[in-house]
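K.L.:
File model04.txt follows (compact mmCIF, C-alpha atoms and all ligand atoms):
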# COMPACT_ATOMS: atom_id res chain seq x y z
CA MET F 1184 -67.21 36.68 -65.98
CA SER F 1185 -66.88 33.57 -63.92
CA VAL F 1186 -64.33 32.84 -61.27
CA LYS F 1187 -64.33 29.56 -59.45
CA VAL F 1188 -63.06 29.93 -55.91
CA SER F 1189 -62.34 26.71 -54.06
CA LYS F 1190 -60.78 25.77 -50.75
CA LYS F 1191 -59.03 22.45 -50.44
CA LYS F 1192 -57.33 20.55 -47.71
CA ILE F 1193 -54.56 18.20 -48.80
CA ARG F 1194 -53.64 15.43 -46.45
CA ILE F 1195 -49.87 14.97 -46.04
CA GLY F 1196 -49.84 12.39 -43.25
CA GLU F 1197 -50.45 12.07 -39.55
CA ARG F 1198 -48.98 13.43 -36.34
CA ALA F 1199 -47.95 11.25 -33.40
CA ASP F 1200 -51.43 11.63 -31.88
CA GLY F 1201 -53.04 10.41 -35.08
CA SER F 1202 -54.46 13.81 -36.10
CA ALA F 1203 -54.25 14.59 -39.80
CA TYR F 1204 -51.44 16.80 -41.09
CA VAL F 1205 -53.05 18.89 -43.83
CA LEU F 1206 -52.18 21.84 -46.04
CA SER F 1207 -55.04 24.29 -46.68
CA ILE F 1208 -55.17 25.77 -50.16
CA LEU F 1209 -57.26 28.54 -51.70
CA GLU F 1210 -57.62 28.56 -55.47
CA TYR F 1211 -59.10 31.09 -57.91
CA LYS F 1212 -59.73 29.86 -61.42
CA GLY F 1213 -60.91 32.25 -64.10
CA SER F 1214 -60.76 32.31 -67.90
CA ALA F 1215 -57.45 31.80 -69.68
CA GLY F 1216 -54.51 33.70 -68.25
CA PRO F 1217 -51.31 33.37 -66.22
CA SER F 1218 -50.97 31.10 -63.22
CA VAL F 1219 -49.49 32.42 -59.98
CA PHE F 1220 -48.62 30.56 -56.79
CA ILE F 1221 -48.50 32.56 -53.56
CA GLY F 1222 -47.20 30.95 -50.39
CA ALA F 1223 -46.45 32.23 -46.88
CA GLY F 1224 -45.38 30.89 -43.53
CA VAL F 1225 -42.99 28.14 -44.61
CA HIS F 1226 -41.04 29.53 -41.67
CA GLY F 1227 -43.75 29.04 -39.07
CA ASP F 1228 -42.87 32.13 -37.02
CA GLU F 1229 -43.04 34.51 -40.00
CA LEU F 1230 -46.57 35.85 -39.73
CA THR F 1231 -46.68 39.18 -41.56
CA GLY F 1232 -47.13 37.69 -45.04
CA ILE F 1233 -50.18 35.80 -43.84
CA ALA F 1234 -51.82 39.12 -42.92
CA SER F 1235 -50.84 40.52 -46.34
CA ILE F 1236 -52.69 37.55 -47.85
CA TRP F 1237 -55.83 38.44 -45.86
CA ARG F 1238 -55.84 41.83 -47.63
CA LEU F 1239 -55.30 40.13 -50.96
CA ILE F 1240 -58.25 37.79 -50.32
CA ASP F 1241 -60.43 40.86 -49.54
CA TYR F 1242 -59.22 42.53 -52.73
CA LEU F 1243 -60.01 39.46 -54.84
CA LYS F 1244 -63.59 39.20 -53.52
CA GLY F 1245 -65.93 39.52 -56.50
CA LYS F 1246 -63.03 40.44 -58.80
CA GLU F 1247 -62.47 38.91 -62.21
CA VAL F 1248 -59.44 36.62 -62.29
CA LEU F 1249 -57.74 35.73 -65.56
CA GLY F 1250 -55.89 32.46 -65.14
CA THR F 1251 -55.19 30.78 -61.83
CA ILE F 1252 -54.16 32.12 -58.43
CA THR F 1253 -53.24 29.48 -55.85
CA ILE F 1254 -52.64 30.55 -52.27
CA ILE F 1255 -51.21 28.55 -49.36
CA PRO F 1256 -51.16 31.03 -46.45
CA SER F 1257 -49.57 28.59 -44.02
CA MET F 1258 -47.06 26.26 -45.67
CA ASN F 1259 -45.83 24.99 -42.29
CA PRO F 1260 -48.96 24.55 -40.12
CA ASP F 1261 -47.18 23.03 -37.09
CA GLY F 1262 -44.54 25.76 -37.17
CA LEU F 1263 -47.40 28.29 -37.10
CA ASN F 1264 -49.11 26.52 -34.19
CA TYR F 1265 -45.95 26.75 -32.10
CA ASN F 1266 -44.71 30.02 -33.60
CA ILE F 1267 -41.35 28.47 -34.53
CA ARG F 1268 -39.30 28.58 -37.73
CA GLY F 1269 -39.15 24.81 -38.30
CA MET F 1270 -41.24 21.98 -36.92
CA PRO F 1271 -41.48 21.05 -33.24
CA GLU F 1272 -40.36 17.44 -33.54
CA ALA F 1273 -37.65 17.89 -36.10
CA GLY F 1274 -36.03 21.30 -35.93
CA VAL F 1275 -35.67 21.33 -39.70
CA ASP F 1276 -35.86 24.34 -41.99
CA LEU F 1277 -38.52 23.49 -44.59
CA ASN F 1278 -37.18 26.19 -46.89
CA ARG F 1279 -33.89 24.30 -47.26
CA LEU F 1280 -35.61 21.02 -48.10
CA TYR F 1281 -36.98 21.57 -51.62
CA PRO F 1282 -37.85 19.78 -53.85
CA GLY F 1283 -38.69 17.43 -50.96
CA LYS F 1284 -39.50 13.74 -51.22
CA SER F 1285 -43.05 12.37 -51.43
CA THR F 1286 -42.09 9.12 -49.69
CA GLY F 1287 -39.72 10.77 -47.22
CA TYR F 1288 -40.00 12.11 -43.71
CA ILE F 1289 -43.05 14.32 -42.97
CA ALA F 1290 -41.04 17.54 -43.48
CA GLU F 1291 -39.87 16.27 -46.90
CA ARG F 1292 -43.44 15.25 -47.77
CA ILE F 1293 -44.68 18.77 -46.96
CA THR F 1294 -42.11 20.44 -49.24
CA ALA F 1295 -42.66 17.78 -51.93
CA LYS F 1296 -46.41 18.55 -51.93
CA ILE F 1297 -45.87 22.32 -51.98
CA TRP F 1298 -43.38 21.97 -54.84
CA GLU F 1299 -45.73 19.59 -56.75
CA ILE F 1300 -48.43 22.30 -56.57
CA ALA F 1301 -46.22 25.38 -57.01
CA ARG F 1302 -44.28 24.08 -60.04
CA LYS F 1303 -47.46 23.98 -62.14
CA HIS F 1304 -47.54 27.80 -62.10
CA ASP F 1305 -45.87 30.42 -64.29
CA VAL F 1306 -44.78 32.46 -61.29
CA ILE F 1307 -44.04 31.54 -57.66
CA VAL F 1308 -44.17 34.15 -54.89
CA ASP F 1309 -42.90 33.16 -51.43
CA LEU F 1310 -43.54 35.49 -48.48
CA HIS F 1311 -41.08 35.65 -45.58
CA THR F 1312 -40.08 38.03 -42.79
CA ILE F 1313 -36.62 39.33 -41.86
CA GLY F 1314 -37.26 40.77 -38.38
CA ARG F 1315 -37.10 44.54 -37.94
CA GLY F 1316 -36.61 45.51 -41.55
CA ILE F 1317 -37.93 47.23 -44.63
CA PRO F 1318 -39.86 45.08 -47.13
CA PHE F 1319 -37.83 43.87 -50.10
CA VAL F 1320 -37.69 41.34 -52.91
CA LEU F 1321 -34.81 38.87 -52.94
CA LEU F 1322 -33.78 37.63 -56.37
CA ASP F 1323 -32.17 34.23 -56.78
CA PRO F 1324 -29.11 34.07 -59.04
CA VAL F 1325 -30.38 33.26 -62.54
CA SER F 1326 -29.44 34.37 -66.03
CA GLY F 1327 -30.84 35.02 -69.49
CA ASP F 1328 -34.58 35.11 -70.11
CA LEU F 1329 -35.46 33.95 -66.59
CA LYS F 1330 -33.45 36.83 -65.13
CA ARG F 1331 -35.27 39.28 -67.38
CA ARG F 1332 -38.66 37.90 -66.27
CA ASN F 1333 -37.74 37.91 -62.56
CA ASP F 1334 -36.36 41.46 -62.82
CA GLU F 1335 -39.58 42.70 -64.45
CA LEU F 1336 -41.74 41.05 -61.78
CA ALA F 1337 -39.55 42.42 -58.99
CA GLU F 1338 -39.73 45.92 -60.47
CA ALA F 1339 -43.53 45.65 -60.66
CA THR F 1340 -43.83 44.94 -56.91
CA GLY F 1341 -42.99 48.55 -56.07
CA ILE F 1342 -40.77 47.59 -53.10
CA THR F 1343 -36.97 47.46 -52.77
CA VAL F 1344 -35.27 44.86 -54.98
CA LEU F 1345 -32.04 43.12 -53.91
CA ASP F 1346 -29.97 40.32 -55.33
CA GLU F 1347 -29.24 37.37 -53.08
CA PHE F 1348 -25.94 36.81 -51.24
CA GLU F 1349 -22.78 36.26 -53.27
CA SER F 1350 -22.55 32.70 -54.64
CA GLU F 1351 -20.31 31.34 -51.86
CA ASP F 1352 -22.71 32.41 -49.10
CA TYR F 1353 -25.74 31.40 -51.19
CA ALA F 1354 -24.31 27.87 -51.47
CA GLN F 1355 -23.20 27.72 -47.84
CA GLN F 1356 -26.69 28.66 -46.67
CA ASN F 1357 -28.13 25.98 -48.98
CA LEU F 1358 -30.43 28.51 -50.64
CA GLY F 1359 -30.57 26.41 -53.81
CA SER F 1360 -32.92 24.16 -51.81
CA SER F 1361 -35.31 27.02 -51.00
CA LEU F 1362 -38.55 27.36 -52.96
CA GLY F 1363 -37.08 30.23 -55.00
CA GLY F 1364 -33.88 28.25 -55.51
CA VAL F 1365 -35.59 25.15 -56.83
CA ALA F 1366 -37.94 27.27 -58.98
CA SER F 1367 -34.85 28.92 -60.49
CA THR F 1368 -33.17 25.62 -61.39
CA HIS F 1369 -36.43 24.56 -63.07
CA GLY F 1370 -36.70 27.80 -65.06
CA ILE F 1371 -39.80 29.05 -63.22
CA ALA F 1372 -40.03 32.76 -62.45
CA SER F 1373 -40.04 33.41 -58.72
CA LEU F 1374 -39.83 36.15 -56.13
CA THR F 1375 -38.95 35.79 -52.46
CA ILE F 1376 -40.46 38.71 -50.57
CA GLU F 1377 -39.15 39.63 -47.13
CA LEU F 1378 -41.40 41.70 -44.86
CA GLY F 1379 -40.89 43.00 -41.34
CA GLY F 1380 -41.64 40.95 -38.26
CA SER F 1381 -40.40 38.05 -36.22
CA LYS F 1382 -42.89 35.92 -34.30
CA ASP F 1383 -45.37 38.77 -34.70
CA ILE F 1384 -47.37 40.49 -37.40
CA ASP F 1385 -45.49 43.66 -38.33
CA TRP F 1386 -48.56 45.71 -39.25
CA GLY F 1387 -46.29 48.43 -40.65
CA THR F 1388 -45.24 46.21 -43.58
CA VAL F 1389 -48.47 44.22 -44.13
CA GLU F 1390 -49.67 46.77 -46.70
CA ALA F 1391 -46.37 46.68 -48.63
CA GLY F 1392 -46.55 42.88 -48.80
CA TYR F 1393 -50.13 43.01 -50.02
CA LEU F 1394 -49.44 45.67 -52.65
CA ALA F 1395 -46.28 43.90 -53.84
CA VAL F 1396 -48.24 40.70 -54.56
CA ARG F 1397 -51.21 42.58 -56.00
CA ASN F 1398 -48.87 44.53 -58.31
CA VAL F 1399 -47.40 41.23 -59.53
CA LEU F 1400 -50.92 39.99 -60.35
CA VAL F 1401 -51.72 43.24 -62.16
CA HIS F 1402 -48.40 43.19 -64.04
CA LEU F 1403 -49.07 39.64 -65.24
CA GLY F 1404 -52.67 40.45 -66.21
CA ALA F 1405 -54.17 37.97 -63.72
CA VAL F 1406 -56.34 40.84 -62.45
CA LYS F 1407 -57.18 44.12 -64.17
CA GLY F 1408 -55.89 47.30 -62.61
CA THR F 1409 -52.93 49.62 -62.43
CA LEU F 1410 -49.69 49.27 -60.51
CA THR F 1411 -49.96 50.98 -57.14
CA PRO F 1412 -46.86 52.64 -55.64
CA VAL F 1413 -45.93 51.53 -52.12
CA LYS F 1414 -46.03 54.57 -49.83
CA SER F 1415 -46.39 52.86 -46.45
CA SER F 1416 -42.77 51.64 -46.27
CA VAL F 1417 -39.30 52.88 -47.18
CA VAL F 1418 -38.37 51.90 -50.75
CA ILE F 1419 -34.77 51.98 -52.00
CA HIS F 1420 -35.10 52.90 -55.66
CA GLU F 1421 -31.40 52.65 -56.52
CA LYS F 1422 -30.67 49.45 -58.48
CA GLY F 1423 -27.75 47.02 -58.51
CA TYR F 1424 -27.61 46.09 -54.83
CA ARG F 1425 -27.46 42.72 -53.09
CA ARG F 1426 -28.04 41.63 -49.53
CA GLU F 1427 -25.22 41.12 -47.09
CA ASP F 1428 -25.06 40.39 -43.37
CA VAL F 1429 -23.00 42.29 -40.81
CA TRP F 1430 -21.65 40.49 -37.73
CA SER F 1431 -20.42 41.55 -34.32
CA GLU F 1432 -17.10 40.33 -32.91
CA LYS F 1433 -18.08 40.95 -29.29
CA GLY F 1434 -21.08 39.76 -27.37
CA GLY F 1435 -23.35 42.32 -25.77
CA LEU F 1436 -26.39 44.50 -26.20
CA LEU F 1437 -26.83 46.53 -29.35
CA GLU F 1438 -27.46 50.22 -29.68
CA TYR F 1439 -28.15 51.09 -33.30
CA VAL F 1440 -27.19 54.56 -34.43
CA VAL F 1441 -28.70 54.36 -37.94
CA GLU F 1442 -32.26 54.12 -39.26
CA LEU F 1443 -33.84 51.48 -41.47
CA GLY F 1444 -33.56 52.40 -45.13
CA GLN F 1445 -30.79 54.92 -44.39
CA LYS F 1446 -27.90 55.29 -46.83
CA VAL F 1447 -24.65 54.74 -44.94
CA LYS F 1448 -21.05 55.42 -45.98
CA ALA F 1449 -18.28 52.83 -45.64
CA GLY F 1450 -16.68 53.10 -42.19
CA GLN F 1451 -19.65 54.83 -40.56
CA VAL F 1452 -20.68 53.31 -37.22
CA ILE F 1453 -24.00 51.48 -37.48
CA ALA F 1454 -24.22 50.00 -33.98
CA LYS F 1455 -22.46 50.04 -30.63
CA VAL F 1456 -22.09 46.83 -28.66
CA ARG F 1457 -22.38 47.50 -24.95
CA SER F 1458 -21.62 45.30 -21.98
CA PRO F 1459 -24.33 44.90 -19.33
CA PHE F 1460 -22.54 47.76 -17.50
CA GLY F 1461 -22.99 50.01 -20.53
CA GLU F 1462 -19.34 50.10 -21.64
CA VAL F 1463 -18.97 50.26 -25.41
CA VAL F 1464 -17.00 47.10 -26.23
CA GLU F 1465 -17.27 47.37 -30.00
CA GLU F 1466 -18.36 49.81 -32.67
CA ILE F 1467 -19.67 47.99 -35.71
CA ARG F 1468 -18.97 49.82 -38.93
CA MET F 1469 -20.46 49.68 -42.40
CA PRO F 1470 -18.07 47.58 -44.56
CA GLU F 1471 -18.86 49.51 -47.77
CA ASP F 1472 -21.29 52.17 -48.98
CA GLY F 1473 -24.86 50.89 -48.85
CA TYR F 1474 -28.23 50.91 -47.14
CA MET F 1475 -29.61 49.58 -43.85
CA VAL F 1476 -32.19 46.90 -44.65
CA ALA F 1477 -32.83 45.06 -41.37
CA LEU F 1478 -31.67 45.22 -37.76
CA ASN F 1479 -31.43 42.25 -35.42
CA SER F 1480 -34.86 42.28 -33.77
CA TYR F 1481 -33.71 41.40 -30.32
CA GLU F 1482 -30.83 43.82 -29.67
CA ASN F 1483 -28.60 41.07 -28.33
CA ALA F 1484 -25.46 39.70 -29.92
CA TYR F 1485 -23.13 36.78 -29.43
CA THR F 1486 -19.71 36.73 -31.04
CA GLY F 1487 -20.25 36.13 -34.74
CA GLY F 1488 -23.94 36.92 -34.57
CA ALA F 1489 -25.61 38.68 -37.51
CA ILE F 1490 -26.65 42.10 -36.26
CA ALA F 1491 -27.92 43.67 -39.47
CA THR F 1492 -28.80 43.06 -43.09
CA ILE F 1493 -27.44 45.69 -45.45
CA ALA F 1494 -27.63 46.35 -49.17
CA ILE F 1495 -24.31 46.79 -50.95
CA LYS F 1496 -23.43 47.14 -54.61
CA VAL F 1497 -23.29 43.97 -56.70
CA ARG F 1498 -19.71 43.42 -57.85
CA LYS F 1499 -19.50 43.62 -61.62
ZN ZN F 1501 -38.33 32.97 -43.91
Will you turn the file into structure tokens for me?
Ligand SMILES: [Zn+2]
P.N.:
Amino acid sequence: MSVKVSKKKIRIGERADGSAYVLSILEYKGSAGPSVFIGAGVHGDELTGIASIWRLIDYLKGKEVLGTITIIPSMNPDGLNYNIRGMPEAGVDLNRLYPGKSTGYIAERITAKIWEIARKHDVIVDLHTIGRGIPFVLLDPVSGDLKRRNDELAEATGITVLDEFESEDYAQQNLGSSLGGVASTHGIASLTIELGGSKDIDWGTVEAGYLAVRNVLVHLGAVKGTLTPVKSSVVIHEKGYRREDVWSEKGGLLEYVVELGQKVKAGQVIAKVRSPFGEVVEEIRMPEDGYMVALNSYENAYTGGAIATIAIKVRK
């Protein structure tokens, strides 16, 4: 058994002060086998997946690897430094900028380099966080053999599996230019994994993120082992659901009256919007039968603000 573990720094360019802008990469190369790319932190304030990767690195210590595992724990280093979603000088969303442009602006060069590396793999796993939520896999809209492969990988993770938004919202949010989106158009299997947390490490979902990725590696045969059920977080086992957002009409402070992972009937109140005086100015109701997946982390709402992510049935 021989596994070559190497750490690399790839220079993307320079900052205004002349310091080097680099991406740090960890690579495991063993005998023949599948190749898996694992990235986190493309949204610089999404930290939980990075901690899941620490556990994965511990797990891989001294372990035989079949194939290649490439890990970029911080795909947006400046975003991490400032704990912001984008980049300080640009305000861009790197995960709407794929496949990037190698001669473009620094943000485009970052995504171009990540895509250049990631696309050489059989499977791409991208770790994100949704705020106060249960961990889940988001599946991009694909069909045929790619759909079958993505579905199998998602099932192997052991966490909740949801389809993406309906096509109109998917397009409006430019998700085709996310890493999972561009992987899908190139026929590469990919999973976007959402964990809990927002500007913090949600220790309650770190384990689920770690096990989900580890289970993918086991399922593919990149490491030997058995699939491990996820017990540390709520898992919705019912299939055929997609993600949807719920908005408030009124501004105010939110009082949720449901729990994460709870099954909720259409019409049931999920949150009350209260004025600063405590008056209930709106009761937000579940639009159709489904599950509570994530709650707005900050309990505040403007008109039209997304207050929750729910899972509802995919329309046939
Ligand atoms: Zn994200």
K.L.:
Just checking: using all atoms listed in the file, which residue out of F:Asp1346, F:Asp1385, F:Glu1338, F:Glu1377 ends up closest to Asn1398 (chain F)?
P.N.:
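Once distances to Asn1398 (chain F) are computed over all atoms listed in the file, the minimum belongs to F:Glu1338.
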K.L.:
Do you know which residues are within 9 Å of ligand ZN 1501 (chain F) using all atoms listed in the file? Can you write them as a ChimeraX atom specification?
P.N.:
/F:1223-1229,1268,1278,1309-1313,1377
K.L.:
For each of F:Lys1414, F:Arg1457, F:Lys1330, F:Lys1496, take the minimum atom-to-atom distance to Glu1390 (chain F), counting all atoms listed in the file, then give the residue where this is smallest.
P.N.:
F:Lys1414
K.L.:
With a distance cut-off of 12 Å and only C-alpha atoms, select the neighbouring residues of region 1403-1413 of chain F, excluding the residue or stretch itself and same-chain residues fewer than 5 positions from it, and output the selection as JSON, numbers by chain.
P.N.:
{"F": [1186, 1211, 1212, 1213, 1214, 1215, 1216, 1217, 1218, 1219, 1220, 1239, 1242, 1243, 1244, 1245, 1246, 1247, 1248, 1249, 1250, 1251, 1252, 1253, 1305, 1306, 1317, 1318, 1319, 1332, 1333, 1335, 1336, 1337, 1338, 1339, 1340, 1341, 1342, 1343, 1372, 1387, 1388, 1389, 1390, 1391, 1392, 1393, 1394, 1395, 1396, 1397, 1398, 1418, 1419, 1420]}
K.L.:
Measuring atom to atom with only C-alpha atoms, identify which of F:Pro1271, F:Pro1282, F:Gly1435, F:Gly1379 is nearest to Gly1363 (chain F).
P.N.:
F:Pro1282
K.L.:
Can you work out the spacing between CA of Ser1480 (chain F) and CA of Val1417 (chain F) in Å, to one decimal?
P.N.:
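So the two atoms, CA of Ser1480 (chain F) and CA of Val1417 (chain F), lie 17.7 Å apart.
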K.L.:
Please provide as a ChimeraX atom specification all residues within 10 Å of Glu1466 (chain F), with the sequence filter that same-chain residues fewer than 3 positions apart are discarded (counting only C-alpha atoms).
P.N.:
/F:1431-1433,1437-1439,1451-1457,1463,1469
K.L.:
Have a look at CA of Leu1209 (chain F) and CA of Arg1238 (chain F) and let me know their distance in Å, one decimal.
P.N.:
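Atom-to-atom, CA of Leu1209 (chain F) to CA of Arg1238 (chain F), that is 14.0 Å.
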K.L.:
For the point (-25.2, 52.0, -48.1) in the file's frame, write as a list in words all residues with an atom no more than 7 Å away, counting all atoms listed in the file.
P.N.:
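Residues found, by chain and rising number: Lys1446, Val1447, Lys1448, Glu1471, Asp1472, Gly1473, Tyr1474, Met1475, Ala1494 and Ile1495 of chain F.
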K.L.:
Which is closer to Tyr1424 (chain F) than all the others in F:Phe1460, F:Ile1467, F:Ser1360, F:Leu1321, using all atoms listed in the file?
P.N.:
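Under the stated criterion, the closest residue is F:Leu1321.
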K.L.:
One decimal, in Å: what's the spacing between CA of Asp1334 (chain F) and CA of Leu1322 (chain F)?
P.N.:
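Calculated distance between CA of Asp1334 (chain F) and CA of Leu1322 (chain F) is 7.9 Å.
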K.L.:
Could you name the residues that touch Met1270 (chain F) at 9 Å or less, counting only C-alpha atoms, but leaving out those on the same chain fewer than 2 positions away, as a PyMOL selection string?
P.N.:
chain F and resi 1226-1227+1259-1263+1265+1267-1268+1272-1277+1290
